[in-house]
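Just protein.pdb here, PDB, C-alpha atoms:
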```pdb
MODEL        1
ATOM      1  CA  MET Q 209      52.208   7.955  21.127  1.00  0.00           C
ATOM      2  CA  THR Q 210      49.674   5.236  21.940  1.00  0.00           C
ATOM      3  CA  ASP Q 211      46.982   4.682  19.320  1.00  0.00           C
ATOM      4  CA  TYR Q 212      43.403   5.443  20.307  1.00  0.00           C
ATOM      5  CA  ILE Q 213      41.758   2.350  21.786  1.00  0.00           C
ATOM      6  CA  PHE Q 214      38.128   1.536  21.012  1.00  0.00           C
ATOM      7  CA  GLY Q 215      36.373  -1.538  22.316  1.00  0.00           C
ATOM      8  CA  GLY Q 216      39.703  -3.025  23.397  1.00  0.00           C
ATOM      9  CA  ARG Q 217      41.229  -2.628  19.928  1.00  0.00           C
ATOM     10  CA  ARG Q 218      43.748  -0.201  18.552  1.00  0.00           C
ATOM     11  CA  GLU Q 219      42.497   2.416  16.116  1.00  0.00           C
ATOM     12  CA  GLY Q 220      44.238   0.769  13.194  1.00  0.00           C
ATOM     13  CA  GLU Q 221      42.551  -2.539  13.993  1.00  0.00           C
ATOM     14  CA  VAL Q 222      39.001  -1.150  14.011  1.00  0.00           C
ATOM     15  CA  PRO Q 223      37.252  -2.345  10.799  1.00  0.00           C
ATOM     16  CA  ARG Q 224      36.142   0.314   8.314  1.00  0.00           C
ATOM     17  CA  THR Q 225      32.656  -1.105   7.884  1.00  0.00           C
ATOM     18  CA  HIS Q 226      31.551   1.568   5.386  1.00  0.00           C
ATOM     19  CA  GLU Q 227      33.832   0.227   2.675  1.00  0.00           C
ATOM     20  CA  GLY Q 228      31.751  -2.803   1.573  1.00  0.00           C
ATOM     21  CA  ARG Q 229      30.658  -2.575  -2.056  1.00  0.00           C
ATOM     22  CA  ASN Q 230      29.307  -6.089  -2.742  1.00  0.00           C
ATOM     23  CA  PRO Q 231      27.260  -8.697  -0.825  1.00  0.00           C
ATOM     24  CA  ARG Q 232      30.285 -10.759   0.183  1.00  0.00           C
ATOM     25  CA  ASP Q 233      32.178  -7.778   1.616  1.00  0.00           C
ATOM     26  CA  VAL Q 234      29.028  -6.471   3.282  1.00  0.00           C
ATOM     27  CA  SER Q 235      28.430  -9.794   5.043  1.00  0.00           C
ATOM     28  CA  HIS Q 236      32.034  -9.939   6.256  1.00  0.00           C
ATOM     29  CA  LEU Q 237      32.202  -6.326   7.413  1.00  0.00           C
ATOM     30  CA  ALA Q 238      28.798  -6.467   9.109  1.00  0.00           C
ATOM     31  CA  SER Q 239      30.040  -9.373  11.236  1.00  0.00           C
ATOM     32  CA  GLN Q 240      33.016  -7.227  12.310  1.00  0.00           C
ATOM     33  CA  ARG Q 241      30.969  -4.311  13.581  1.00  0.00           C
ATOM     34  CA  LEU Q 242      31.530  -3.201  17.141  1.00  0.00           C
ATOM     35  CA  GLY Q 243      28.184  -1.433  17.515  1.00  0.00           C
ATOM     36  CA  VAL Q 244      25.083  -0.198  15.734  1.00  0.00           C
ATOM     37  CA  PRO Q 245      25.498   2.019  12.646  1.00  0.00           C
ATOM     38  CA  VAL Q 246      24.965   5.772  12.733  1.00  0.00           C
ATOM     39  CA  ALA Q 247      21.796   5.251  10.662  1.00  0.00           C
ATOM     40  CA  TRP Q 248      20.299   3.370  13.619  1.00  0.00           C
ATOM     41  CA  TRP Q 249      20.841   6.359  15.898  1.00  0.00           C
ATOM     42  CA  GLY Q 250      19.360   8.653  13.261  1.00  0.00           C
ATOM     43  CA  ILE Q 251      16.162   6.626  12.976  1.00  0.00           C
ATOM     44  CA  ALA Q 252      16.021   6.295  16.774  1.00  0.00           C
ATOM     45  CA  MET Q 253      15.957  10.094  17.125  1.00  0.00           C
ATOM     46  CA  LEU Q 254      13.291  10.362  14.422  1.00  0.00           C
ATOM     47  CA  VAL Q 255      11.154   7.708  16.092  1.00  0.00           C
ATOM     48  CA  ALA Q 256      11.538   9.399  19.483  1.00  0.00           C
ATOM     49  CA  SER Q 257      10.360  12.753  18.107  1.00  0.00           C
ATOM     50  CA  GLU Q 258       7.475  11.218  16.167  1.00  0.00           C
ATOM     51  CA  ALA Q 259       6.425   9.107  19.147  1.00  0.00           C
ATOM     52  CA  THR Q 260       6.326  12.245  21.307  1.00  0.00           C
ATOM     53  CA  LEU Q 261       4.033  13.948  18.806  1.00  0.00           C
ATOM     54  CA  MET Q 262       1.714  10.981  18.348  1.00  0.00           C
ATOM     55  CA  PHE Q 263       1.392  10.187  22.045  1.00  0.00           C
ATOM     56  CA  THR Q 264       0.559  13.857  22.620  1.00  0.00           C
ATOM     57  CA  PHE Q 265      -2.374  13.329  20.253  1.00  0.00           C
ATOM     58  CA  ILE Q 266      -3.373  10.154  22.090  1.00  0.00           C
ATOM     59  CA  GLY Q 267      -3.137  11.998  25.412  1.00  0.00           C
ATOM     60  CA  THR Q 268      -5.344  14.722  23.971  1.00  0.00           C
ATOM     61  CA  TYR Q 269      -7.885  12.095  22.930  1.00  0.00           C
ATOM     62  CA  TYR Q 270      -8.165  10.713  26.469  1.00  0.00           C
ATOM     63  CA  TYR Q 271      -8.218  14.215  27.982  1.00  0.00           C
ATOM     64  CA  LEU Q 272     -11.163  15.199  25.785  1.00  0.00           C
ATOM     65  CA  ARG Q 273     -12.848  11.909  26.606  1.00  0.00           C
ATOM     66  CA  SER Q 274     -12.487  12.529  30.335  1.00  0.00           C
ATOM     67  CA  LYS Q 275     -14.187  15.923  29.952  1.00  0.00           C
ATOM     68  CA  THR Q 276     -17.120  14.630  27.907  1.00  0.00           C
ATOM     69  CA  PRO Q 277     -19.989  12.782  29.647  1.00  0.00           C
ATOM     70  CA  VAL Q 278     -20.890  10.733  26.564  1.00  0.00           C
ATOM     71  CA  TRP Q 279     -18.124   9.502  24.231  1.00  0.00           C
ATOM     72  CA  PRO Q 280     -18.559   9.623  21.316  1.00  0.00           C
ATOM     73  CA  PRO Q 281     -20.986  12.530  21.780  1.00  0.00           C
ATOM     74  CA  VAL Q 282     -24.623  12.007  20.853  1.00  0.00           C
ATOM     75  CA  GLY Q 283     -25.017  12.195  17.088  1.00  0.00           C
ATOM     76  CA  ASP Q 284     -21.493  10.982  16.280  1.00  0.00           C
ATOM     77  CA  PRO Q 285     -21.164   7.453  14.876  1.00  0.00           C
ATOM     78  CA  GLU Q 286     -19.313   4.910  16.967  1.00  0.00           C
ATOM     79  CA  PRO Q 287     -16.069   3.727  15.364  1.00  0.00           C
ATOM     80  CA  HIS Q 288     -15.961   0.291  13.768  1.00  0.00           C
ATOM     81  CA  VAL Q 289     -14.035  -2.318  15.736  1.00  0.00           C
ATOM     82  CA  VAL Q 290     -13.547  -5.655  13.994  1.00  0.00           C
ATOM     83  CA  VAL Q 291     -12.169  -4.628  10.592  1.00  0.00           C
ATOM     84  CA  PRO Q 292      -9.792  -1.904  11.907  1.00  0.00           C
ATOM     85  CA  LEU Q 293      -8.348  -4.247  14.551  1.00  0.00           C
ATOM     86  CA  ILE Q 294      -7.878  -7.074  12.042  1.00  0.00           C
ATOM     87  CA  LEU Q 295      -6.203  -4.761   9.529  1.00  0.00           C
ATOM     88  CA  ALA Q 296      -3.935  -3.280  12.201  1.00  0.00           C
ATOM     89  CA  GLY Q 297      -2.921  -6.809  13.169  1.00  0.00           C
ATOM     90  CA  VAL Q 298      -2.236  -7.709   9.539  1.00  0.00           C
ATOM     91  CA  LEU Q 299      -0.103  -4.595   9.101  1.00  0.00           C
ATOM     92  CA  ALA Q 300       1.831  -5.483  12.262  1.00  0.00           C
ATOM     93  CA  THR Q 301       2.821  -8.821  10.713  1.00  0.00           C
ATOM     94  CA  THR Q 302       4.911  -6.932   8.137  1.00  0.00           C
ATOM     95  CA  SER Q 303       7.475  -6.370  10.879  1.00  0.00           C
ATOM     96  CA  LEU Q 304       8.445 -10.018  10.392  1.00  0.00           C
ATOM     97  CA  PRO Q 305       9.448  -9.858   6.691  1.00  0.00           C
ATOM     98  CA  MET Q 306      11.093  -6.481   7.286  1.00  0.00           C
ATOM     99  CA  GLN Q 307      13.178  -7.906  10.127  1.00  0.00           C
ATOM    100  CA  LEU Q 308      14.046 -10.953   8.029  1.00  0.00           C
ATOM    101  CA  ALA Q 309      15.050  -8.614   5.188  1.00  0.00           C
ATOM    102  CA  SER Q 310      17.372  -6.763   7.557  1.00  0.00           C
ATOM    103  CA  MET Q 311      18.926 -10.053   8.661  1.00  0.00           C
ATOM    104  CA  ALA Q 312      19.255 -11.237   5.050  1.00  0.00           C
ATOM    105  CA  ALA Q 313      21.014  -8.003   4.112  1.00  0.00           C
ATOM    106  CA  ARG Q 314      23.476  -8.490   6.975  1.00  0.00           C
ATOM    107  CA  ALA Q 315      24.181 -11.971   5.610  1.00  0.00           C
ATOM    108  CA  GLY Q 316      24.757 -10.590   2.106  1.00  0.00           C
ATOM    109  CA  ARG Q 317      21.649 -12.256   0.651  1.00  0.00           C
ATOM    110  CA  LEU Q 318      20.532  -9.547  -1.747  1.00  0.00           C
ATOM    111  CA  VAL Q 319      17.782 -11.458  -3.585  1.00  0.00           C
ATOM    112  CA  ALA Q 320      16.162 -12.603  -0.335  1.00  0.00           C
ATOM    113  CA  THR Q 321      16.342  -9.049   1.012  1.00  0.00           C
ATOM    114  CA  ARG Q 322      14.491  -7.635  -1.976  1.00  0.00           C
ATOM    115  CA  ARG Q 323      11.853 -10.377  -1.997  1.00  0.00           C
ATOM    116  CA  LEU Q 324      11.072  -9.937   1.691  1.00  0.00           C
ATOM    117  CA  ILE Q 325      10.717  -6.163   1.317  1.00  0.00           C
ATOM    118  CA  VAL Q 326       8.406  -6.671  -1.689  1.00  0.00           C
ATOM    119  CA  LEU Q 327       6.285  -9.092   0.379  1.00  0.00           C
ATOM    120  CA  ALA Q 328       5.963  -6.541   3.171  1.00  0.00           C
ATOM    121  CA  LEU Q 329       5.259  -3.765   0.674  1.00  0.00           C
ATOM    122  CA  ILE Q 330       2.350  -5.672  -0.912  1.00  0.00           C
ATOM    123  CA  VAL Q 331       0.644  -6.060   2.478  1.00  0.00           C
ATOM    124  CA  GLN Q 332       1.369  -2.443   3.437  1.00  0.00           C
ATOM    125  CA  CYS Q 333      -0.077  -1.125   0.164  1.00  0.00           C
ATOM    126  CA  GLY Q 334      -3.174  -3.286   0.598  1.00  0.00           C
ATOM    127  CA  TYR Q 335      -3.650  -1.899   4.109  1.00  0.00           C
ATOM    128  CA  ILE Q 336      -3.320   1.762   3.162  1.00  0.00           C
ATOM    129  CA  SER Q 337      -5.494   1.343   0.057  1.00  0.00           C
ATOM    130  CA  TYR Q 338      -8.439   0.140   2.136  1.00  0.00           C
ATOM    131  CA  GLU Q 339      -7.797   2.654   4.900  1.00  0.00           C
ATOM    132  CA  MET Q 340      -7.688   5.607   2.501  1.00  0.00           C
ATOM    133  CA  TRP Q 341     -10.949   4.477   0.905  1.00  0.00           C
ATOM    134  CA  ASP Q 342     -12.563   4.130   4.337  1.00  0.00           C
ATOM    135  CA  TYR Q 343     -11.155   7.486   5.481  1.00  0.00           C
ATOM    136  CA  GLN Q 344     -12.681   9.272   2.473  1.00  0.00           C
ATOM    137  CA  HIS Q 345     -15.969   7.438   2.983  1.00  0.00           C
ATOM    138  CA  GLU Q 346     -16.141   8.607   6.608  1.00  0.00           C
ATOM    139  CA  LEU Q 347     -15.444  12.200   5.546  1.00  0.00           C
ATOM    140  CA  GLN Q 348     -18.607  12.086   3.446  1.00  0.00           C
ATOM    141  CA  THR Q 349     -20.749  11.560   6.549  1.00  0.00           C
ATOM    142  CA  THR Q 350     -18.841  13.509   9.230  1.00  0.00           C
ATOM    143  CA  THR Q 351     -16.242  16.283   9.263  1.00  0.00           C
ATOM    144  CA  PRO Q 352     -13.306  17.134  11.584  1.00  0.00           C
ATOM    145  CA  SER Q 353     -14.894  20.501  12.379  1.00  0.00           C
ATOM    146  CA  HIS Q 354     -18.129  18.965  13.697  1.00  0.00           C
ATOM    147  CA  ASP Q 355     -16.942  18.649  17.318  1.00  0.00           C
ATOM    148  CA  ALA Q 356     -13.903  17.792  19.464  1.00  0.00           C
ATOM    149  CA  TYR Q 357     -14.420  14.052  19.074  1.00  0.00           C
ATOM    150  CA  GLU Q 358     -14.461  14.142  15.276  1.00  0.00           C
ATOM    151  CA  SER Q 359     -11.507  16.513  15.272  1.00  0.00           C
ATOM    152  CA  ILE Q 360      -9.179  14.328  17.344  1.00  0.00           C
ATOM    153  CA  TYR Q 361     -10.479  11.187  15.589  1.00  0.00           C
ATOM    154  CA  TYR Q 362      -9.457  12.424  12.151  1.00  0.00           C
ATOM    155  CA  VAL Q 363      -6.197  13.925  13.411  1.00  0.00           C
ATOM    156  CA  LEU Q 364      -5.115  10.648  15.020  1.00  0.00           C
ATOM    157  CA  LEU Q 365      -6.166   8.457  12.116  1.00  0.00           C
ATOM    158  CA  GLY Q 366      -4.793  10.840   9.473  1.00  0.00           C
ATOM    159  CA  ALA Q 367      -1.440  11.186  11.239  1.00  0.00           C
ATOM    160  CA  ASP Q 368      -1.131   7.408  11.488  1.00  0.00           C
ATOM    161  CA  HIS Q 369      -1.954   7.011   7.796  1.00  0.00           C
ATOM    162  CA  GLY Q 370       0.723   9.596   7.051  1.00  0.00           C
ATOM    163  CA  HIS Q 371       3.326   7.498   8.850  1.00  0.00           C
ATOM    164  CA  VAL Q 372       2.285   4.417   6.879  1.00  0.00           C
ATOM    165  CA  TRP Q 373       2.647   6.364   3.629  1.00  0.00           C
ATOM    166  CA  ILE Q 374       6.140   7.492   4.627  1.00  0.00           C
ATOM    167  CA  GLY Q 375       7.095   3.893   5.382  1.00  0.00           C
ATOM    168  CA  ILE Q 376       5.795   2.755   1.991  1.00  0.00           C
ATOM    169  CA  LEU Q 377       7.778   5.462   0.198  1.00  0.00           C
ATOM    170  CA  LEU Q 378      10.888   4.447   2.138  1.00  0.00           C
ATOM    171  CA  ASN Q 379      10.413   0.838   1.040  1.00  0.00           C
ATOM    172  CA  VAL Q 380      10.007   1.862  -2.599  1.00  0.00           C
ATOM    173  CA  TRP Q 381      13.151   3.999  -2.352  1.00  0.00           C
ATOM    174  CA  LEU Q 382      15.019   1.168  -0.643  1.00  0.00           C
ATOM    175  CA  LEU Q 383      14.048  -1.340  -3.349  1.00  0.00           C
ATOM    176  CA  ALA Q 384      15.269   1.082  -6.009  1.00  0.00           C
ATOM    177  CA  LYS Q 385      18.622   1.348  -4.226  1.00  0.00           C
ATOM    178  CA  LEU Q 386      18.922  -2.408  -3.710  1.00  0.00           C
ATOM    179  CA  GLY Q 387      18.208  -2.897  -7.395  1.00  0.00           C
ATOM    180  CA  ARG Q 388      21.726  -1.567  -7.977  1.00  0.00           C
ATOM    181  CA  GLY Q 389      23.332  -3.992  -5.546  1.00  0.00           C
ATOM    182  CA  LEU Q 390      24.114  -4.279  -1.853  1.00  0.00           C
ATOM    183  CA  THR Q 391      26.580  -1.970  -0.137  1.00  0.00           C
ATOM    184  CA  MET Q 392      27.170  -1.091   3.500  1.00  0.00           C
ATOM    185  CA  TYR Q 393      25.250   2.147   3.030  1.00  0.00           C
ATOM    186  CA  ARG Q 394      22.257   0.197   1.687  1.00  0.00           C
ATOM    187  CA  LEU Q 395      22.530  -2.295   4.532  1.00  0.00           C
ATOM    188  CA  ASN Q 396      22.393   0.626   6.958  1.00  0.00           C
ATOM    189  CA  ALA Q 397      19.357   1.986   5.120  1.00  0.00           C
ATOM    190  CA  THR Q 398      17.645  -1.421   5.340  1.00  0.00           C
ATOM    191  CA  ILE Q 399      18.258  -1.541   9.094  1.00  0.00           C
ATOM    192  CA  ALA Q 400      16.935   2.006   9.550  1.00  0.00           C
ATOM    193  CA  VAL Q 401      13.800   1.454   7.454  1.00  0.00           C
ATOM    194  CA  THR Q 402      13.106  -1.823   9.275  1.00  0.00           C
ATOM    195  CA  TRP Q 403      13.172  -0.081  12.643  1.00  0.00           C
ATOM    196  CA  TYR Q 404      10.937   2.675  11.268  1.00  0.00           C
ATOM    197  CA  TRP Q 405       8.381   0.032  10.288  1.00  0.00           C
ATOM    198  CA  HIS Q 406       8.544  -1.559  13.736  1.00  0.00           C
ATOM    199  CA  PHE Q 407       7.627   1.865  15.111  1.00  0.00           C
ATOM    200  CA  VAL Q 408       4.835   2.467  12.583  1.00  0.00           C
ATOM    201  CA  ASN Q 409       3.275  -0.933  13.201  1.00  0.00           C
ATOM    202  CA  LEU Q 410       3.337  -0.476  16.961  1.00  0.00           C
ATOM    203  CA  LEU Q 411       1.989   3.050  16.588  1.00  0.00           C
ATOM    204  CA  THR Q 412      -0.895   1.821  14.426  1.00  0.00           C
ATOM    205  CA  LEU Q 413      -1.867  -0.715  17.080  1.00  0.00           C
ATOM    206  CA  PHE Q 414      -1.904   2.049  19.706  1.00  0.00           C
ATOM    207  CA  VAL Q 415      -3.917   4.427  17.498  1.00  0.00           C
ATOM    208  CA  ILE Q 416      -6.506   1.864  16.414  1.00  0.00           C
ATOM    209  CA  GLY Q 417      -6.754   0.564  19.979  1.00  0.00           C
ATOM    210  CA  THR Q 418      -7.366   4.099  21.220  1.00  0.00           C
ATOM    211  CA  LEU Q 419     -10.013   4.889  18.626  1.00  0.00           C
ATOM    212  CA  THR Q 420     -11.898   1.598  18.995  1.00  0.00           C
ATOM    213  CA  SER Q 421     -11.919   1.961  22.778  1.00  0.00           C
ATOM    214  CA  ALA Q 422     -14.809   4.409  22.321  1.00  0.00           C
ATOM    215  CA  THR Q 423     -16.946   1.436  21.312  1.00  0.00           C
ATOM    216  CA  LEU Q 424     -15.374  -1.291  23.466  1.00  0.00           C
ATOM    217  CA  LEU Q 425     -15.168   0.595  26.776  1.00  0.00           C
TER     218      LEU Q 425
ENDMDL
END
```
In structure tokens, how does this file's structure come out?
Amino acid sequence: MTDYIFGGRREGEVPRTHEGRNPRDVSHLASQRLGVPVAWWGIAMLVASEATLMFTFIGTYYYLRSKTPVWPPVGDPEPHVVVPLILAGVLATTSLPMQLASMAARAGRLVATRRLIVLALIVQCGYISYEMWDYQHELQTTTPSHDAYESIYYVLLGADHGHVWIGILLNVWLLAKLGRGLTMYRLNATIAVTWYWHFVNLLTLFVIGTLTSATLL
């Protein structure tokens, strides 16, 4: 009976890329991969579902705006522009160290992987610390139940902050795992978390751009 053929190779010749247990093996096996890991498909499905939810919120924002003659309504403060846009841009730059960390993990460079994730984590924590302080400060002057504008404003901003928090927790978890060494499973986790952060950073740009448009446009 003919062996199953995958990618032009017999089944017995297909590398078992989950078997790497040290940086050297991980680097070698990663170079032998025929496709993306299952973890990539898992995070892709998560991102697709979360993107659907968040863009439904953004669509709701523009629907409410189209039905309201004055936006924000009279009496509601206009959103700040400069600081939120700068901070969103700074957060977006963390995609670079995360991507470099993913590439370093593929190359078996464990120390570089950890350092790059720590660098990204410092910036991400700085971003969410300021944003949470600002969010609480805004809640002291306005409330989500005041009107439709305030409601969708806080829903959009709060949901985005929630995604940033999840990304931070994933990075902390990932660093704890990498503290015990590099394996193929941890490489897959690094790839998945990196793609999650690409999504979060892009999402934050969309959310902040949407909210600040009330002042700019």
For the PyMOL selection byres ((chain Q and resi 231-235) around 8), applied here, can you spell out every residue it catches as a PyMOL selection string? chain Q and resi 225+228-230+236-239+313-318+389-392+395
Can you tell me, as a PyMOL selection string, which residues sit within 12 Å of (-12.7, 5.8, 17.9) in the file's frame, using all atoms listed in the file? chain Q and resi 266+269-270+273+279-281+284-289+292-293+357-365+414-425
Mind dumping the selected residues with C-alpha atoms as a short mmCIF file (atom, residue, chain, number, x, y, z; two decimals), keeping the file's coordinate frame?
```cif
data_model
loop_
_atom_site.label_atom_id
_atom_site.label_comp_id
_atom_site.auth_asym_id
_atom_site.auth_seq_id
_atom_site.Cartn_x
_atom_site.Cartn_y
_atom_site.Cartn_z
CA ILE Q 266 -3.37 10.15 22.09
CA TYR Q 269 -7.88 12.10 22.93
CA TYR Q 270 -8.16 10.71 26.47
CA ARG Q 273 -12.85 11.91 26.61
CA TRP Q 279 -18.12 9.50 24.23
CA PRO Q 280 -18.56 9.62 21.32
CA PRO Q 281 -20.99 12.53 21.78
CA ASP Q 284 -21.49 10.98 16.28
CA PRO Q 285 -21.16 7.45 14.88
CA GLU Q 286 -19.31 4.91 16.97
CA PRO Q 287 -16.07 3.73 15.36
CA HIS Q 288 -15.96 0.29 13.77
CA VAL Q 289 -14.04 -2.32 15.74
CA PRO Q 292 -9.79 -1.90 11.91
CA LEU Q 293 -8.35 -4.25 14.55
CA TYR Q 357 -14.42 14.05 19.07
CA GLU Q 358 -14.46 14.14 15.28
CA SER Q 359 -11.51 16.51 15.27
CA ILE Q 360 -9.18 14.33 17.34
CA TYR Q 361 -10.48 11.19 15.59
CA TYR Q 362 -9.46 12.42 12.15
CA VAL Q 363 -6.20 13.92 13.41
CA LEU Q 364 -5.12 10.65 15.02
CA LEU Q 365 -6.17 8.46 12.12
CA PHE Q 414 -1.90 2.05 19.71
CA VAL Q 415 -3.92 4.43 17.50
CA ILE Q 416 -6.51 1.86 16.41
CA GLY Q 417 -6.75 0.56 19.98
CA THR Q 418 -7.37 4.10 21.22
CA LEU Q 419 -10.01 4.89 18.63
CA THR Q 420 -11.90 1.60 19.00
CA SER Q 421 -11.92 1.96 22.78
CA ALA Q 422 -14.81 4.41 22.32
CA THR Q 423 -16.95 1.44 21.31
CA LEU Q 424 -15.37 -1.29 23.47
CA LEU Q 425 -15.17 0.60 26.78
#
```
What do you get, as a VMD selection string, if you spell out every residue that the PyMOL selection byres ((chain Q and resi 300) around 9) selects here? chain Q and resid 295 to 299 301 to 304 405 to 406 408 to 410 412 to 413
Taking the file as shown, find all residues satisfying the PyMOL selection byres ((chain Q and resi 377-386) around 12) and write them as a PyMOL selection string. chain Q and resi 229-231+302+306+309-310+313+316-330+332-333+370-376+387-405
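If all atoms listed in the file are the atoms counted, then among Q:Ser274, Q:Pro305, Q:Ile251, Q:Thr260 the closest residue to Val331 of chain Q is Q:Pro305.
Taking atom CA of Gly366 of chain Q as the reference point, atom CA of Glu339 of chain Q is found at 9.8 Å.
Distance-wise, atom CA of Leu254 of chain Q and atom CA of His369 of chain Q end up 17.0 Å apart.
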